[in-house]
file start38.txt (compact mmCIF, N, CA and C atoms and all ligand atoms)
# COMPACT_ATOMS: atom_id res chain seq x y z
N MET A 1 -72.28 -45.62 83.71
CA MET A 1 -72.67 -47.02 83.93
C MET A 1 -71.81 -47.60 85.05
N ASN A 2 -72.49 -48.16 86.02
CA ASN A 2 -71.71 -48.83 87.05
C ASN A 2 -71.59 -50.32 86.72
N ASN A 3 -70.79 -51.01 87.49
CA ASN A 3 -70.49 -52.40 87.19
C ASN A 3 -71.71 -53.31 87.25
N THR A 4 -72.74 -52.94 87.98
CA THR A 4 -73.92 -53.81 88.07
C THR A 4 -74.73 -53.78 86.78
N ASP A 5 -74.54 -52.75 85.92
CA ASP A 5 -75.25 -52.66 84.65
C ASP A 5 -74.54 -53.42 83.52
N LYS A 6 -73.31 -53.78 83.76
CA LYS A 6 -72.52 -54.40 82.69
C LYS A 6 -72.97 -55.85 82.48
N PHE A 7 -73.16 -56.18 81.21
CA PHE A 7 -73.51 -57.57 80.88
C PHE A 7 -72.25 -58.41 80.83
N VAL A 8 -72.25 -59.47 81.57
CA VAL A 8 -71.15 -60.45 81.52
C VAL A 8 -71.77 -61.78 81.13
N THR A 9 -71.34 -62.31 80.00
CA THR A 9 -71.94 -63.55 79.51
C THR A 9 -71.73 -64.69 80.50
N PRO A 10 -72.79 -65.46 80.70
CA PRO A 10 -72.63 -66.65 81.52
C PRO A 10 -72.09 -67.83 80.70
N GLY A 11 -71.98 -67.61 79.40
CA GLY A 11 -71.58 -68.70 78.50
C GLY A 11 -70.09 -68.99 78.57
N ARG A 12 -69.75 -70.22 78.22
CA ARG A 12 -68.34 -70.60 78.13
C ARG A 12 -67.75 -69.99 76.87
N MET A 13 -66.65 -69.30 77.02
CA MET A 13 -65.99 -68.72 75.85
C MET A 13 -65.19 -69.81 75.14
N PRO A 14 -65.04 -69.68 73.82
CA PRO A 14 -64.27 -70.69 73.10
C PRO A 14 -62.82 -70.72 73.60
N ASN A 15 -62.28 -71.94 73.68
CA ASN A 15 -60.86 -72.05 74.04
C ASN A 15 -60.01 -71.65 72.82
N ALA A 16 -58.70 -71.67 72.99
CA ALA A 16 -57.81 -71.19 71.92
C ALA A 16 -57.97 -72.01 70.64
N PHE A 17 -58.11 -73.32 70.78
CA PHE A 17 -58.28 -74.18 69.60
C PHE A 17 -59.59 -73.85 68.89
N GLU A 18 -60.67 -73.74 69.67
CA GLU A 18 -61.98 -73.44 69.09
C GLU A 18 -61.97 -72.07 68.42
N ALA A 19 -61.32 -71.11 69.07
CA ALA A 19 -61.25 -69.75 68.50
C ALA A 19 -60.50 -69.75 67.17
N GLU A 20 -59.42 -70.52 67.10
CA GLU A 20 -58.67 -70.60 65.83
C GLU A 20 -59.52 -71.26 64.76
N LEU A 21 -60.23 -72.32 65.13
CA LEU A 21 -61.09 -73.01 64.17
C LEU A 21 -62.19 -72.07 63.65
N LEU A 22 -62.77 -71.29 64.55
CA LEU A 22 -63.80 -70.34 64.14
C LEU A 22 -63.22 -69.26 63.23
N THR A 23 -62.00 -68.84 63.51
CA THR A 23 -61.33 -67.86 62.65
C THR A 23 -61.16 -68.43 61.24
N ILE A 24 -60.73 -69.68 61.17
CA ILE A 24 -60.55 -70.32 59.86
C ILE A 24 -61.89 -70.49 59.17
N LEU A 25 -62.94 -70.82 59.93
CA LEU A 25 -64.29 -70.93 59.36
C LEU A 25 -64.70 -69.60 58.72
N ILE A 26 -64.46 -68.52 59.42
CA ILE A 26 -64.78 -67.19 58.89
C ILE A 26 -63.97 -66.92 57.62
N GLU A 27 -62.67 -67.26 57.66
CA GLU A 27 -61.82 -67.05 56.48
C GLU A 27 -62.35 -67.83 55.27
N GLU A 28 -62.72 -69.08 55.50
CA GLU A 28 -63.18 -69.90 54.38
C GLU A 28 -64.52 -69.40 53.84
N CYS A 29 -65.40 -68.94 54.72
CA CYS A 29 -66.65 -68.33 54.26
C CYS A 29 -66.36 -67.14 53.36
N ALA A 30 -65.39 -66.33 53.75
CA ALA A 30 -65.02 -65.16 52.96
C ALA A 30 -64.43 -65.58 51.61
N GLU A 31 -63.64 -66.66 51.61
CA GLU A 31 -63.05 -67.13 50.35
C GLU A 31 -64.13 -67.66 49.41
N VAL A 32 -65.14 -68.33 49.97
CA VAL A 32 -66.28 -68.76 49.14
C VAL A 32 -67.00 -67.53 48.58
N GLN A 33 -67.20 -66.53 49.41
CA GLN A 33 -67.85 -65.30 48.94
C GLN A 33 -67.06 -64.68 47.79
N GLN A 34 -65.75 -64.61 47.96
CA GLN A 34 -64.91 -64.00 46.93
C GLN A 34 -65.02 -64.77 45.62
N ARG A 35 -64.93 -66.10 45.69
CA ARG A 35 -64.98 -66.91 44.46
C ARG A 35 -66.35 -66.81 43.82
N ALA A 36 -67.42 -66.75 44.62
CA ALA A 36 -68.77 -66.63 44.06
C ALA A 36 -68.93 -65.29 43.33
N THR A 37 -68.35 -64.24 43.89
CA THR A 37 -68.46 -62.95 43.20
C THR A 37 -67.66 -62.96 41.90
N LYS A 38 -66.56 -63.70 41.86
CA LYS A 38 -65.79 -63.79 40.59
C LYS A 38 -66.61 -64.48 39.52
N VAL A 39 -67.37 -65.53 39.90
CA VAL A 39 -68.25 -66.19 38.94
C VAL A 39 -69.29 -65.20 38.42
N LEU A 40 -69.87 -64.43 39.35
CA LEU A 40 -70.89 -63.46 38.95
C LEU A 40 -70.30 -62.38 38.03
N ARG A 41 -69.10 -61.92 38.35
CA ARG A 41 -68.51 -60.81 37.59
C ARG A 41 -67.90 -61.23 36.27
N PHE A 42 -67.25 -62.41 36.25
CA PHE A 42 -66.44 -62.77 35.08
C PHE A 42 -66.90 -64.03 34.36
N GLY A 43 -67.89 -64.74 34.93
CA GLY A 43 -68.42 -65.90 34.23
C GLY A 43 -68.01 -67.22 34.84
N VAL A 44 -68.81 -68.25 34.54
CA VAL A 44 -68.58 -69.55 35.16
C VAL A 44 -67.32 -70.23 34.64
N ASP A 45 -66.99 -70.01 33.38
CA ASP A 45 -65.86 -70.74 32.80
C ASP A 45 -64.67 -69.85 32.47
N GLU A 46 -64.69 -68.63 32.98
CA GLU A 46 -63.55 -67.73 32.76
C GLU A 46 -62.34 -68.26 33.53
N ILE A 47 -61.20 -68.21 32.89
CA ILE A 47 -59.95 -68.61 33.54
C ILE A 47 -59.08 -67.37 33.68
N GLN A 48 -58.80 -67.02 34.91
CA GLN A 48 -57.98 -65.83 35.19
C GLN A 48 -56.56 -66.08 34.68
N PRO A 49 -55.92 -65.06 34.11
CA PRO A 49 -54.54 -65.24 33.63
C PRO A 49 -53.63 -65.87 34.69
N GLU A 50 -52.82 -66.79 34.25
CA GLU A 50 -51.86 -67.50 35.10
C GLU A 50 -52.52 -68.44 36.10
N GLN A 51 -53.82 -68.75 35.89
CA GLN A 51 -54.52 -69.72 36.74
C GLN A 51 -54.86 -70.95 35.91
N PRO A 52 -54.72 -72.15 36.46
CA PRO A 52 -55.04 -73.35 35.68
C PRO A 52 -56.53 -73.69 35.66
N HIS A 53 -57.30 -73.13 36.59
CA HIS A 53 -58.69 -73.56 36.74
C HIS A 53 -59.65 -72.41 36.47
N ASP A 54 -60.85 -72.78 36.00
CA ASP A 54 -61.86 -71.75 35.75
C ASP A 54 -62.56 -71.38 37.06
N ASN A 55 -63.46 -70.41 36.96
CA ASN A 55 -64.09 -69.87 38.17
C ASN A 55 -64.96 -70.90 38.89
N THR A 56 -65.61 -71.78 38.15
CA THR A 56 -66.42 -72.82 38.79
C THR A 56 -65.53 -73.77 39.58
N GLN A 57 -64.42 -74.16 38.99
CA GLN A 57 -63.50 -75.06 39.70
C GLN A 57 -62.92 -74.38 40.94
N ARG A 58 -62.58 -73.11 40.80
CA ARG A 58 -62.00 -72.40 41.95
C ARG A 58 -63.02 -72.18 43.06
N LEU A 59 -64.27 -71.94 42.69
CA LEU A 59 -65.34 -71.87 43.70
C LEU A 59 -65.49 -73.23 44.39
N SER A 60 -65.41 -74.28 43.62
CA SER A 60 -65.56 -75.63 44.17
C SER A 60 -64.45 -75.94 45.17
N VAL A 61 -63.24 -75.51 44.87
CA VAL A 61 -62.12 -75.72 45.80
C VAL A 61 -62.41 -75.04 47.13
N GLU A 62 -62.91 -73.81 47.06
CA GLU A 62 -63.18 -73.08 48.31
C GLU A 62 -64.35 -73.68 49.08
N VAL A 63 -65.35 -74.18 48.37
CA VAL A 63 -66.45 -74.87 49.06
C VAL A 63 -65.92 -76.12 49.74
N GLY A 64 -65.01 -76.83 49.08
CA GLY A 64 -64.40 -78.00 49.70
C GLY A 64 -63.63 -77.63 50.96
N ASP A 65 -62.87 -76.54 50.89
CA ASP A 65 -62.16 -76.05 52.08
C ASP A 65 -63.15 -75.76 53.20
N LEU A 66 -64.24 -75.09 52.85
CA LEU A 66 -65.24 -74.73 53.86
C LEU A 66 -65.86 -75.99 54.48
N LEU A 67 -66.20 -76.97 53.64
CA LEU A 67 -66.81 -78.19 54.18
C LEU A 67 -65.85 -78.93 55.10
N ALA A 68 -64.55 -78.87 54.78
CA ALA A 68 -63.56 -79.51 55.65
C ALA A 68 -63.52 -78.84 57.01
N VAL A 69 -63.59 -77.52 57.02
CA VAL A 69 -63.56 -76.80 58.30
C VAL A 69 -64.87 -77.02 59.06
N VAL A 70 -65.98 -77.06 58.35
CA VAL A 70 -67.26 -77.37 58.99
C VAL A 70 -67.16 -78.75 59.65
N ASP A 71 -66.57 -79.70 58.95
CA ASP A 71 -66.42 -81.05 59.50
C ASP A 71 -65.59 -81.02 60.79
N GLU A 72 -64.50 -80.26 60.78
CA GLU A 72 -63.68 -80.14 61.98
C GLU A 72 -64.47 -79.47 63.12
N CYS A 73 -65.26 -78.48 62.78
CA CYS A 73 -66.09 -77.83 63.79
C CYS A 73 -67.11 -78.81 64.39
N MET A 74 -67.64 -79.70 63.56
CA MET A 74 -68.57 -80.70 64.07
C MET A 74 -67.84 -81.69 64.98
N ASN A 75 -66.60 -82.00 64.64
CA ASN A 75 -65.82 -82.94 65.46
C ASN A 75 -65.60 -82.44 66.88
N VAL A 76 -65.58 -81.13 67.05
CA VAL A 76 -65.35 -80.57 68.39
C VAL A 76 -66.62 -79.90 68.95
N ASN A 77 -67.74 -80.21 68.31
CA ASN A 77 -69.06 -79.74 68.77
C ASN A 77 -69.24 -78.22 68.73
N LEU A 78 -68.50 -77.57 67.83
CA LEU A 78 -68.78 -76.15 67.59
C LEU A 78 -69.96 -76.00 66.64
N ILE A 79 -70.19 -77.03 65.86
CA ILE A 79 -71.35 -77.10 64.97
C ILE A 79 -72.03 -78.42 65.26
N ASP A 80 -73.36 -78.38 65.39
CA ASP A 80 -74.15 -79.57 65.71
C ASP A 80 -74.53 -80.27 64.41
N GLU A 81 -73.95 -81.44 64.17
CA GLU A 81 -74.17 -82.17 62.93
C GLU A 81 -75.64 -82.53 62.74
N ILE A 82 -76.33 -82.83 63.82
CA ILE A 82 -77.75 -83.19 63.71
C ILE A 82 -78.56 -82.00 63.21
N VAL A 83 -78.28 -80.82 63.76
CA VAL A 83 -78.99 -79.61 63.31
C VAL A 83 -78.68 -79.34 61.84
N VAL A 84 -77.41 -79.49 61.48
CA VAL A 84 -77.02 -79.27 60.07
C VAL A 84 -77.80 -80.21 59.16
N THR A 85 -77.85 -81.47 59.52
CA THR A 85 -78.54 -82.47 58.69
C THR A 85 -80.03 -82.17 58.60
N GLU A 86 -80.62 -81.76 59.72
CA GLU A 86 -82.05 -81.42 59.72
C GLU A 86 -82.34 -80.17 58.89
N GLN A 87 -81.38 -79.26 58.85
CA GLN A 87 -81.60 -77.97 58.18
C GLN A 87 -81.57 -78.08 56.66
N VAL A 88 -80.86 -79.07 56.14
CA VAL A 88 -80.71 -79.17 54.68
C VAL A 88 -82.06 -79.26 53.96
N PRO A 89 -82.93 -80.19 54.31
CA PRO A 89 -84.22 -80.24 53.58
C PRO A 89 -85.08 -79.00 53.82
N ILE A 90 -84.94 -78.39 54.99
CA ILE A 90 -85.69 -77.17 55.27
C ILE A 90 -85.27 -76.07 54.31
N LYS A 91 -83.95 -75.93 54.11
CA LYS A 91 -83.45 -74.90 53.21
C LYS A 91 -83.83 -75.20 51.76
N ILE A 92 -83.80 -76.47 51.38
CA ILE A 92 -84.19 -76.83 50.01
C ILE A 92 -85.64 -76.44 49.77
N GLN A 93 -86.51 -76.65 50.75
CA GLN A 93 -87.91 -76.24 50.61
C GLN A 93 -88.04 -74.73 50.49
N LYS A 94 -87.25 -74.00 51.28
CA LYS A 94 -87.30 -72.53 51.22
C LYS A 94 -86.84 -72.04 49.85
N LEU A 95 -85.80 -72.67 49.33
CA LEU A 95 -85.32 -72.28 47.99
C LEU A 95 -86.41 -72.50 46.96
N ALA A 96 -87.07 -73.66 47.04
CA ALA A 96 -88.13 -73.96 46.07
C ALA A 96 -89.25 -72.94 46.15
N LYS A 97 -89.53 -72.46 47.35
CA LYS A 97 -90.63 -71.52 47.53
C LYS A 97 -90.26 -70.10 47.14
N PHE A 98 -89.05 -69.66 47.51
CA PHE A 98 -88.75 -68.24 47.40
C PHE A 98 -87.85 -67.84 46.23
N MET A 99 -87.15 -68.80 45.63
CA MET A 99 -86.31 -68.39 44.49
C MET A 99 -87.18 -67.91 43.35
N GLN A 100 -86.78 -66.80 42.78
CA GLN A 100 -87.56 -66.17 41.71
C GLN A 100 -87.21 -66.74 40.34
N GLN A 101 -86.04 -67.32 40.23
CA GLN A 101 -85.59 -67.86 38.94
C GLN A 101 -85.83 -69.36 38.89
N GLU A 102 -86.20 -69.83 37.71
CA GLU A 102 -86.34 -71.27 37.50
C GLU A 102 -85.01 -71.84 37.02
N ASN A 103 -84.72 -73.08 37.39
CA ASN A 103 -83.52 -73.75 36.90
C ASN A 103 -83.84 -74.33 35.52
N LYS A 104 -83.35 -73.65 34.50
CA LYS A 104 -83.67 -74.07 33.12
C LYS A 104 -82.94 -75.36 32.75
N ASN A 105 -81.95 -75.75 33.55
CA ASN A 105 -81.20 -76.99 33.27
C ASN A 105 -81.71 -78.16 34.10
N ALA A 106 -82.77 -77.93 34.90
CA ALA A 106 -83.26 -78.99 35.79
C ALA A 106 -83.77 -80.17 34.97
N GLN A 107 -83.45 -81.36 35.46
CA GLN A 107 -83.97 -82.57 34.82
C GLN A 107 -85.26 -82.96 35.53
N THR A 108 -86.31 -83.17 34.73
CA THR A 108 -87.62 -83.48 35.34
C THR A 108 -87.89 -84.97 35.34
MG MG B 1 -59.70 -71.72 51.11
call {"tool": "encode", "arguments": {"input": "start38.txt", "output": "structure tokens"}}
result
Amino acid sequence: MNNTDKFVTPGRMPNAFEAELLTILIEECAEVQQRATKVLRFGVDEIQPEQPHDNTQRLSVEVGDLLAVVDECMNVNLIDEIVVTEQVPIKIQKLAKFMQQENKNAQT
């Protein structure tokens, strides 16, 4: 391959601050994933030894962390708040259409 075949992005690369924020966003997504798998494996109200909170509370903490980082990303335009807001009802409709399980606790 010669240099004329190499793809060089015309896009602006994230600066150091943006790159760190994206790294933290990735970390928080992973922490949410980890806590969600603990709920699946050990139950919603299981409390791990030497932990004060159950799995639902610990998942909630990580979701809060994630939302805080998402907010910071929106503040520096790494995430478009308008797109996020528009996407919420779209995803809710998709869930209603494609989820195979019914919410037995839903209030009608
Ligand atoms: Mg966290």
call {"tool": "residues_near_ligand", "arguments": {"input": "start38.txt", "ligand": "ligand MG 1 (chain B)", "cutoff": "10 Å", "atoms": "only C-alpha atoms and all ligand atoms", "output": "NGL selection string"}}
result
:A and (24-25 or 27-32 or 35 or 58-66 or 68-69)
call {"tool": "select_by_dssp", "arguments": {"input": "start38.txt", "residues": "chain A", "states": "alpha helix (DSSP H)", "output": "count of residues only"}}
result
66
call {"tool": "atom_distance", "arguments": {"input": "start38.txt", "atom1": "atom CA of A:Lys38", "atom2": "atom CA of A:Thr56"}}
result
9.2 Å
call {"tool": "atom_distance", "arguments": {"input": "start38.txt", "atom1": "atom CA of A:Phe98", "atom2": "atom CA of A:Glu86"}}
result
19.2 Å
call {"tool": "atom_distance", "arguments": {"input": "start38.txt", "atom1": "atom N of A:Cys73", "atom2": "atom N of A:Ala19"}}
result
10.5 Å
call {"tool": "axis_aligned_box", "arguments": {"input": "start38.txt", "around": "stretch 99-107 of chain A", "padding_each_side": "3 Å", "output": "lines of an AutoDock Vina configuration file"}}
result
center_x = -84.4
center_y = -74.6
center_z = 39.2
size_x = 12.4
size_y = 22.8
size_z = 18.9
call {"tool": "closest_residue", "arguments": {"input": "start38.txt", "among": "A:Glu72, A:Val83, A:Lys97, A:Ile90", "to": "A:Glu20", "atoms": "only C-alpha atoms"}}
result
A:Glu72
